[in-house]
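A.B. asks: Dropping in protein-v4.pdb, with PDB, C-alpha atoms, pLDDT in the B column.
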MODEL        1
ATOM      1  CA  MET H   1     -35.288  10.856  37.702  1.00 82.00           C
ATOM      2  CA  ALA H   2     -32.651  11.848  35.135  1.00 90.00           C
ATOM      3  CA  ILE H   3     -29.947   9.318  34.285  1.00 92.00           C
ATOM      4  CA  SER H   4     -26.390   9.884  35.476  1.00 94.00           C
ATOM      5  CA  ARG H   5     -23.943  11.942  33.465  1.00 95.00           C
ATOM      6  CA  VAL H   6     -21.148   9.625  34.632  1.00 95.00           C
ATOM      7  CA  THR H   7     -20.495   6.145  33.214  1.00 96.00           C
ATOM      8  CA  LYS H   8     -17.868   3.490  32.797  1.00 95.00           C
ATOM      9  CA  LEU H   9     -16.856   2.592  29.243  1.00 95.00           C
ATOM     10  CA  TYR H  10     -16.445  -1.113  28.576  1.00 95.00           C
ATOM     11  CA  ALA H  11     -15.561  -2.464  25.148  1.00 96.00           C
ATOM     12  CA  VAL H  12     -16.630  -1.498  21.635  1.00 97.00           C
ATOM     13  CA  GLU H  13     -19.265  -3.538  19.840  1.00 96.00           C
ATOM     14  CA  ASP H  14     -20.075  -1.737  16.611  1.00 97.00           C
ATOM     15  CA  CYS H  15     -18.781   1.082  14.416  1.00 98.00           C
ATOM     16  CA  LYS H  16     -20.046   2.599  11.177  1.00 98.00           C
ATOM     17  CA  ILE H  17     -18.847   5.192   8.659  1.00 97.00           C
ATOM     18  CA  TYR H  18     -21.326   7.512   6.918  1.00 98.00           C
ATOM     19  CA  PRO H  19     -19.943   9.318   3.826  1.00 98.00           C
ATOM     20  CA  LEU H  20     -20.458  13.097   4.154  1.00 98.00           C
ATOM     21  CA  LEU H  21     -22.281  14.138   0.965  1.00 97.00           C
ATOM     22  CA  SER H  22     -22.763  17.851   1.709  1.00 97.00           C
ATOM     23  CA  ASP H  23     -22.114  20.336   4.496  1.00 97.00           C
ATOM     24  CA  PRO H  24     -23.552  23.704   3.412  1.00 97.00           C
ATOM     25  CA  GLU H  25     -23.037  26.750   5.605  1.00 95.00           C
ATOM     26  CA  GLY H  26     -26.341  27.628   7.264  1.00 92.00           C
ATOM     27  CA  GLY H  27     -27.896  24.315   6.177  1.00 95.00           C
ATOM     28  CA  GLU H  28     -27.839  20.715   7.362  1.00 95.00           C
ATOM     29  CA  ALA H  29     -25.157  18.113   6.708  1.00 96.00           C
ATOM     30  CA  GLU H  30     -26.216  15.219   4.485  1.00 97.00           C
ATOM     31  CA  TYR H  31     -24.746  11.733   4.851  1.00 97.00           C
ATOM     32  CA  GLY H  32     -24.875   8.509   2.844  1.00 97.00           C
ATOM     33  CA  ALA H  33     -25.844   5.119   4.249  1.00 97.00           C
ATOM     34  CA  GLY H  34     -23.724   3.623   7.012  1.00 97.00           C
ATOM     35  CA  ILE H  35     -20.916   1.207   6.178  1.00 98.00           C
ATOM     36  CA  ASP H  36     -19.939  -1.324   8.832  1.00 97.00           C
ATOM     37  CA  VAL H  37     -16.356  -1.196  10.108  1.00 97.00           C
ATOM     38  CA  PRO H  38     -15.902  -4.985  10.460  1.00 97.00           C
ATOM     39  CA  GLY H  39     -14.291  -6.380  13.581  1.00 97.00           C
ATOM     40  CA  ILE H  40     -13.875  -3.014  15.318  1.00 97.00           C
ATOM     41  CA  LYS H  41     -11.209  -3.396  18.019  1.00 97.00           C
ATOM     42  CA  SER H  42     -11.108   0.045  19.633  1.00 97.00           C
ATOM     43  CA  MET H  43     -12.056   3.675  19.125  1.00 97.00           C
ATOM     44  CA  GLU H  44      -9.635   6.133  20.694  1.00 97.00           C
ATOM     45  CA  ILE H  45     -10.376   9.861  20.554  1.00 97.00           C
ATOM     46  CA  SER H  46      -7.696  12.351  21.543  1.00 96.00           C
ATOM     47  CA  GLY H  47      -6.882  15.982  20.965  1.00 92.00           C
ATOM     48  CA  ASP H  48      -4.541  18.882  21.474  1.00 92.00           C
ATOM     49  CA  VAL H  49      -5.128  22.120  23.339  1.00 91.00           C
ATOM     50  CA  GLU H  50      -3.166  25.212  22.391  1.00 92.00           C
ATOM     51  CA  VAL H  51      -2.475  27.508  25.335  1.00 92.00           C
ATOM     52  CA  LYS H  52      -1.550  31.168  24.942  1.00 93.00           C
ATOM     53  CA  GLU H  53      -0.158  33.208  27.800  1.00 93.00           C
ATOM     54  CA  LEU H  54      -0.154  36.966  28.240  1.00 93.00           C
ATOM     55  CA  ARG H  55       2.942  38.034  30.088  1.00 93.00           C
ATOM     56  CA  GLY H  56       3.921  41.475  31.310  1.00 93.00           C
ATOM     57  CA  ASP H  57       5.182  43.290  34.391  1.00 92.00           C
ATOM     58  CA  ASN H  58       7.536  40.337  34.896  1.00 92.00           C
ATOM     59  CA  GLY H  59       4.681  37.874  35.391  1.00 91.00           C
ATOM     60  CA  LEU H  60       1.739  35.947  34.002  1.00 92.00           C
ATOM     61  CA  LEU H  61      -1.247  38.275  33.450  1.00 90.00           C
ATOM     62  CA  ASP H  62      -3.689  35.940  31.737  1.00 93.00           C
ATOM     63  CA  SER H  63      -3.994  32.676  29.888  1.00 93.00           C
ATOM     64  CA  ASP H  64      -6.399  31.352  27.276  1.00 93.00           C
ATOM     65  CA  ALA H  65      -6.736  28.022  25.515  1.00 92.00           C
ATOM     66  CA  SER H  66      -8.425  26.530  22.475  1.00 90.00           C
ATOM     67  CA  ILE H  67      -8.844  23.024  21.105  1.00 91.00           C
ATOM     68  CA  SER H  68      -6.542  22.871  18.109  1.00 87.00           C
ATOM     69  CA  ASN H  69      -6.837  19.264  16.953  1.00 90.00           C
ATOM     70  CA  ILE H  70      -9.020  16.203  17.551  1.00 95.00           C
ATOM     71  CA  THR H  71      -8.076  12.804  16.167  1.00 97.00           C
ATOM     72  CA  VAL H  72      -9.587   9.332  16.226  1.00 97.00           C
ATOM     73  CA  SER H  73      -7.908   5.973  15.827  1.00 97.00           C
ATOM     74  CA  TYR H  74     -10.053   2.909  15.103  1.00 97.00           C
ATOM     75  CA  PRO H  75      -8.263  -0.326  14.252  1.00 96.00           C
ATOM     76  CA  HIS H  76     -10.415  -3.170  12.975  1.00 96.00           C
ATOM     77  CA  ALA H  77      -9.908  -6.895  12.445  1.00 96.00           C
ATOM     78  CA  LYS H  78     -11.247  -7.348   8.903  1.00 96.00           C
ATOM     79  CA  LEU H  79     -10.527  -5.603   5.615  1.00 96.00           C
ATOM     80  CA  SER H  80     -13.542  -3.900   4.029  1.00 97.00           C
ATOM     81  CA  LEU H  81     -13.178  -2.561   0.497  1.00 97.00           C
ATOM     82  CA  ASP H  82     -16.337  -0.473   1.049  1.00 97.00           C
ATOM     83  CA  VAL H  83     -14.708   1.221   4.053  1.00 97.00           C
ATOM     84  CA  LEU H  84     -11.622   1.992   1.938  1.00 97.00           C
ATOM     85  CA  ALA H  85     -13.842   3.516  -0.774  1.00 97.00           C
ATOM     86  CA  ALA H  86     -15.531   5.696   1.875  1.00 97.00           C
ATOM     87  CA  LEU H  87     -12.156   6.924   3.188  1.00 97.00           C
ATOM     88  CA  VAL H  88     -10.530   7.968  -0.097  1.00 97.00           C
ATOM     89  CA  GLU H  89     -11.589   8.609  -3.712  1.00 97.00           C
ATOM     90  CA  SER H  90     -11.382   5.090  -5.134  1.00 97.00           C
ATOM     91  CA  THR H  91     -13.516   2.398  -6.743  1.00 97.00           C
ATOM     92  CA  VAL H  92     -14.715  -1.090  -5.879  1.00 97.00           C
ATOM     93  CA  THR H  93     -15.631  -3.306  -8.842  1.00 96.00           C
ATOM     94  CA  THR H  94     -16.937  -6.850  -9.140  1.00 95.00           C
ATOM     95  CA  SER H  95     -16.252  -9.078 -12.132  1.00 96.00           C
ATOM     96  CA  GLY H  96     -16.386 -12.694 -13.251  1.00 93.00           C
ATOM     97  CA  ALA H  97     -18.769 -15.533 -12.554  1.00 94.00           C
ATOM     98  CA  THR H  98     -18.573 -18.452 -10.136  1.00 94.00           C
ATOM     99  CA  PRO H  99     -16.049 -20.003  -9.592  1.00 94.00           C
ATOM    100  CA  ALA H 100     -13.877 -17.099 -10.823  1.00 94.00           C
ATOM    101  CA  GLN H 101     -15.535 -14.053  -9.215  1.00 95.00           C
ATOM    102  CA  LYS H 102     -13.343 -11.154  -8.180  1.00 96.00           C
ATOM    103  CA  VAL H 103     -13.828  -7.936  -6.178  1.00 97.00           C
ATOM    104  CA  LYS H 104     -11.194  -5.239  -6.643  1.00 97.00           C
ATOM    105  CA  TRP H 105     -10.458  -1.953  -4.848  1.00 97.00           C
ATOM    106  CA  SER H 106      -8.551   0.539  -7.013  1.00 97.00           C
ATOM    107  CA  LEU H 107      -6.780   3.703  -5.910  1.00 96.00           C
ATOM    108  CA  LYS H 108      -5.512   5.993  -8.663  1.00 97.00           C
ATOM    109  CA  ARG H 109      -3.154   8.949  -8.817  1.00 97.00           C
ATOM    110  CA  GLY H 110      -4.684  12.181  -7.569  1.00 96.00           C
ATOM    111  CA  ALA H 111      -7.088  10.451  -5.169  1.00 97.00           C
ATOM    112  CA  LYS H 112      -8.054  12.588  -2.195  1.00 97.00           C
ATOM    113  CA  PRO H 113      -9.334  11.639   1.258  1.00 97.00           C
ATOM    114  CA  LEU H 114     -13.110  11.916   1.658  1.00 98.00           C
ATOM    115  CA  PRO H 115     -15.003  13.323   4.659  1.00 98.00           C
ATOM    116  CA  TYR H 116     -17.218  11.016   6.703  1.00 98.00           C
ATOM    117  CA  LYS H 117     -19.063  10.648  10.004  1.00 98.00           C
ATOM    118  CA  LEU H 118     -17.878   7.950  12.427  1.00 98.00           C
ATOM    119  CA  VAL H 119     -20.137   6.388  15.075  1.00 98.00           C
ATOM    120  CA  GLY H 120     -19.090   3.743  17.597  1.00 98.00           C
ATOM    121  CA  LYS H 121     -20.895   2.141  20.531  1.00 98.00           C
ATOM    122  CA  THR H 122     -20.365  -0.025  23.577  1.00 97.00           C
ATOM    123  CA  PRO H 123     -22.136  -3.356  23.930  1.00 97.00           C
ATOM    124  CA  THR H 124     -25.417  -3.404  25.859  1.00 96.00           C
ATOM    125  CA  SER H 125     -24.574  -2.683  29.516  1.00 96.00           C
ATOM    126  CA  GLY H 126     -21.128  -1.444  28.432  1.00 95.00           C
ATOM    127  CA  GLY H 127     -21.854   1.689  30.461  1.00 95.00           C
ATOM    128  CA  ASP H 128     -23.122   1.968  34.035  1.00 94.00           C
ATOM    129  CA  LEU H 129     -26.764   1.494  33.058  1.00 94.00           C
ATOM    130  CA  VAL H 130     -27.889  -2.132  32.881  1.00 94.00           C
ATOM    131  CA  GLY H 131     -29.504  -2.535  29.457  1.00 96.00           C
ATOM    132  CA  GLY H 132     -28.124   0.784  28.201  1.00 96.00           C
ATOM    133  CA  ASP H 133     -25.128   1.715  26.055  1.00 97.00           C
ATOM    134  CA  VAL H 134     -22.831   4.629  25.143  1.00 97.00           C
ATOM    135  CA  HIS H 135     -22.368   6.049  21.623  1.00 98.00           C
ATOM    136  CA  PHE H 136     -19.562   8.281  20.328  1.00 98.00           C
ATOM    137  CA  SER H 137     -20.262  10.299  17.151  1.00 98.00           C
ATOM    138  CA  LEU H 138     -17.634  12.320  15.259  1.00 98.00           C
ATOM    139  CA  PHE H 139     -19.459  14.377  12.642  1.00 98.00           C
ATOM    140  CA  LYS H 140     -16.699  15.164  10.130  1.00 98.00           C
ATOM    141  CA  CYS H 141     -13.549  13.059   9.855  1.00 98.00           C
ATOM    142  CA  VAL H 142     -10.856  12.985   7.177  1.00 97.00           C
ATOM    143  CA  MET H 143      -8.150  10.329   7.202  1.00 96.00           C
ATOM    144  CA  SER H 144      -4.867  11.688   8.505  1.00 96.00           C
ATOM    145  CA  SER H 145      -2.713   8.708   7.608  1.00 94.00           C
ATOM    146  CA  PHE H 146      -3.082   6.016   4.990  1.00 94.00           C
ATOM    147  CA  PRO H 147      -4.841   2.903   6.379  1.00 93.00           C
ATOM    148  CA  GLY H 148      -2.442   0.219   7.582  1.00 89.00           C
ATOM    149  CA  LEU H 149      -2.908  -2.468   4.930  1.00 92.00           C
ATOM    150  CA  GLY H 150      -0.861  -5.520   4.016  1.00 90.00           C
ATOM    151  CA  LEU H 151      -0.092  -8.980   5.308  1.00 91.00           C
ATOM    152  CA  ALA H 152       1.704 -10.379   8.353  1.00 88.00           C
ATOM    153  CA  GLU H 153       3.907 -13.432   8.796  1.00 89.00           C
ATOM    154  CA  GLU H 154       2.014 -16.223  10.574  1.00 91.00           C
ATOM    155  CA  ASP H 155      -0.430 -13.763  12.129  1.00 92.00           C
ATOM    156  CA  TYR H 156      -3.615 -11.836  11.438  1.00 93.00           C
ATOM    157  CA  ARG H 157      -3.229  -8.330  10.055  1.00 92.00           C
ATOM    158  CA  THR H 158      -5.170  -5.561  11.803  1.00 93.00           C
ATOM    159  CA  ILE H 159      -6.292  -2.641   9.650  1.00 95.00           C
ATOM    160  CA  GLU H 160      -5.248   0.652  11.283  1.00 94.00           C
ATOM    161  CA  ASN H 161      -7.263   3.805  10.557  1.00 96.00           C
ATOM    162  CA  GLU H 162      -6.611   7.312  11.848  1.00 97.00           C
ATOM    163  CA  ALA H 163      -8.495  10.502  11.085  1.00 97.00           C
ATOM    164  CA  ARG H 164      -8.554  14.158  11.981  1.00 97.00           C
ATOM    165  CA  CYS H 165     -11.943  15.440  13.119  1.00 97.00           C
ATOM    166  CA  VAL H 166     -13.236  18.940  12.440  1.00 96.00           C
ATOM    167  CA  PRO H 167     -16.548  20.688  13.183  1.00 96.00           C
ATOM    168  CA  LEU H 168     -19.262  20.664  10.524  1.00 97.00           C
ATOM    169  CA  ILE H 169     -19.491  23.908   8.546  1.00 97.00           C
ATOM    170  CA  SER H 170     -23.295  23.734   8.620  1.00 97.00           C
ATOM    171  CA  THR H 171     -23.951  23.320  12.356  1.00 96.00           C
ATOM    172  CA  GLY H 172     -20.590  23.418  14.130  1.00 95.00           C
ATOM    173  CA  GLU H 173     -21.179  19.902  15.523  1.00 96.00           C
ATOM    174  CA  TRP H 174     -17.913  18.167  16.331  1.00 96.00           C
ATOM    175  CA  ILE H 175     -18.369  15.278  18.795  1.00 97.00           C
ATOM    176  CA  ASP H 176     -21.376  13.848  20.624  1.00 97.00           C
ATOM    177  CA  VAL H 177     -21.358  11.326  23.452  1.00 97.00           C
ATOM    178  CA  ASP H 178     -24.762   9.748  24.123  1.00 97.00           C
ATOM    179  CA  ILE H 179     -25.467   7.721  27.269  1.00 97.00           C
ATOM    180  CA  ASN H 180     -28.610   5.719  26.499  1.00 96.00           C
ATOM    181  CA  GLU H 181     -30.828   4.282  29.228  1.00 96.00           C
ATOM    182  CA  THR H 182     -31.877   1.577  26.748  1.00 96.00           C
ATOM    183  CA  ALA H 183     -29.315   0.284  24.235  1.00 97.00           C
ATOM    184  CA  VAL H 184     -29.851   1.489  20.661  1.00 96.00           C
ATOM    185  CA  PRO H 185     -28.261  -0.033  17.549  1.00 96.00           C
ATOM    186  CA  ILE H 186     -26.227   2.089  15.152  1.00 97.00           C
ATOM    187  CA  LEU H 187     -28.490   2.382  12.142  1.00 93.00           C
ATOM    188  CA  THR H 188     -27.312   1.700   8.609  1.00 92.00           C
ATOM    189  CA  GLU H 189     -29.725   4.227   7.077  1.00 91.00           C
ATOM    190  CA  ALA H 190     -28.355   7.718   6.491  1.00 86.00           C
ATOM    191  CA  PRO H 191     -28.833   9.878   9.615  1.00 80.00           C
TER
ENDMDL
END
Give the structure from the file, written as structure tokens.
C.D. replies:
Amino acid sequence: MAISRVTKLYAVEDCKIYPLLSDPEGGEAEYGAGIDVPGIKSMEISGDVEVKELRGDNGLLDSDASISNITVSYPHAKLSLDVLAALVESTVTTSGATPAQKVKWSLKRGAKPLPYKLVGKTPTSGGDLVGGDVHFSLFKCVMSSFPGLGLAEEDYRTIENEARCVPLISTGEWIDVDINETAVPILTEAP
């Protein structure tokens, strides 16, 4: 018997970013290895629909609609310099020796946002199926606002990320939702 196409969605357990290396028309998209989004707190996908109406004879004759924008917001609890480097042209360097080691993220003038794939999942049994899970995949994202960085007075700072999602040029893939009968981890290897 086929599994249900209906499920609850409870919590988010894991999220990874895969840098988009190429997206050739008529070919296949190529991604880099997955980078963990540490302490993922939520993954909210929303969009806009543009509606056009044909009016005449003093009334509505027809109407058509198209999806004009899809966005994703995914705040996370811990800062990852590797995630920042995957979001925008920048560098991460390591220097020094113990006890004076240092890791530095550097953003320079002219840096541009980079495209990436985003995959998030529920915990095991986070959907209706006991032992299963639900995955959301957005195939091509580009940050739409600078990540919320900084410090907070007497509190933890949450990193806020937002991106606009567009279909791949190569295959037209935009978003997938997978309901798995048996829970599957998000792999780190390039898809």
A.B. asks: Given only C-alpha atoms, how would the per-residue table for stretch 53-97 of chain H near stretch 25-34 of chain H read, listing every residue at most 12 Å away with its closest atom pair and distance in Å to one decimal, sorted by chain and number, as CSV?
C.D. replies:
residue,atom,partner,partner_atom,distance
H:Asp82,CA,H:Gly34,CA,10.3
H:Val83,CA,H:Gly34,CA,9.8
H:Ala86,CA,H:Gly32,CA,9.8
A.B. asks: Which residues fall under the PyMOL selection byres ((chain H and resi 124-126) around 12) in this file, as a count of residues only?
C.D. replies: 27
A.B. asks: For H:Pro38, which residue out of H:Ser80, H:Ser137, H:Ser144, H:Thr98 is the nearest one, using all atoms listed in the file?
C.D. replies: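 Smallest separation from H:Pro38 among the options: H:Ser80.
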A.B. asks: Care to translate the PyMOL selection byres ((chain H and resi 16) around 6) into actual residues of this file, as number ranges by chain?
C.D. replies: H: 15, 17, 34-37, 118-119
A.B. asks: Which residues match the PyMOL selection byres ((chain H and resi 92) around 10) in the file above, as a ChimeraX atom specification?
C.D. replies: /H:81-82,84-85,90-91,93-94,103-107
A.B. asks: Pick from H:Pro113, H:Lys78, H:Ile186, H:Ser95: nearest to H:Leu149, with all atoms listed in the file counted?
C.D. replies: H:Lys78
A.B. asks: Between atom CA of H:Asp178 and atom CA of H:Tyr74, measure the distance and give it in Å to one decimal.
C.D. replies: 18.6 Å
A.B. asks: Please measure the separation of atom CA of H:Val51 and atom CA of H:Ala65, giving the value in Å to one decimal.
C.D. replies: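 About the pair atom CA of H:Val51 and atom CA of H:Ala65: they are 4.3 Å apart.
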A.B. asks: I need the residue nearest H:Val72 from this list: H:Gly56, H:Gly47, H:Gly96, H:Pro115. Use only C-alpha atoms for the distance.
C.D. replies: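 The shortest atom-to-atom distance to H:Val72 comes from H:Gly47.
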A.B. asks: To one decimal place in Å, what is the distance between atom CA of H:Phe139 and atom CA of H:Ile3?
C.D. replies: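 Interatomic distance, atom CA of H:Phe139 to atom CA of H:Ile3: 24.6 Å.
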A.B. asks: Scan for residues within 8 Å of the point (-10.5, -0.5, 19.9) in the coordinates of the file, using all atoms listed in the file, and reply as a count of residues only.
C.D. replies: 10
A.B. asks: Check the smallest atom-to-atom distance from each of H:Pro24, H:Glu189, H:Ile45, H:Asn69 to H:Val166 using only C-alpha atoms, then report the winner.
C.D. replies: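 Checking each of H:Pro24, H:Glu189, H:Ile45, H:Asn69 against H:Val166, counting only C-alpha atoms, the winner is H:Asn69.
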A.B. asks: Which residues are near H:Asp48? Cut-off 7 Å, only C-alpha atoms, ignore same chain within fewer than 3 positions. Put them as a PyMOL selection string.
C.D. replies: chain H and resi 67-70
A.B. asks: Create the file for the chosen residues now, containing C-alpha atoms and written as a PDB file, keeping the file's coordinate frame.
C.D. replies:
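Result file part_7.pdb:
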ATOM      1  CA  ILE H  67      -8.844  23.024  21.105  1.00 91.00           C
ATOM      2  CA  SER H  68      -6.542  22.871  18.109  1.00 87.00           C
ATOM      3  CA  ASN H  69      -6.837  19.264  16.953  1.00 90.00           C
ATOM      4  CA  ILE H  70      -9.020  16.203  17.551  1.00 95.00           C
TER       5      ILE H  70
END
A.B. asks: With all atoms listed in the file as the atoms that count, which of H:Val49, H:Leu79, H:Leu187, H:Ser73 lies nearest to H:Gly150?
C.D. replies: H:Leu79
A.B. asks: With only C-alpha atoms as the basis for distance, which of H:Cys141, H:Pro147, H:Gly39, H:Ile175 is at the shortest distance from H:Ala163?
C.D. replies: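 Residue with the minimum atom-to-atom distance to H:Ala163: H:Cys141.
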A.B. asks: With all atoms of stretch 83-88 of chain H from the file as input, state the centre and edge lengths in Å to one decimal of the axis-aligned box that has 3 Å extra on each side, as AutoDock Vina command-line options.
C.D. replies:
--center_x -13.0 --center_y 4.6 --center_z 1.6 --size_x 11.0 --size_y 12.7 --size_z 10.8
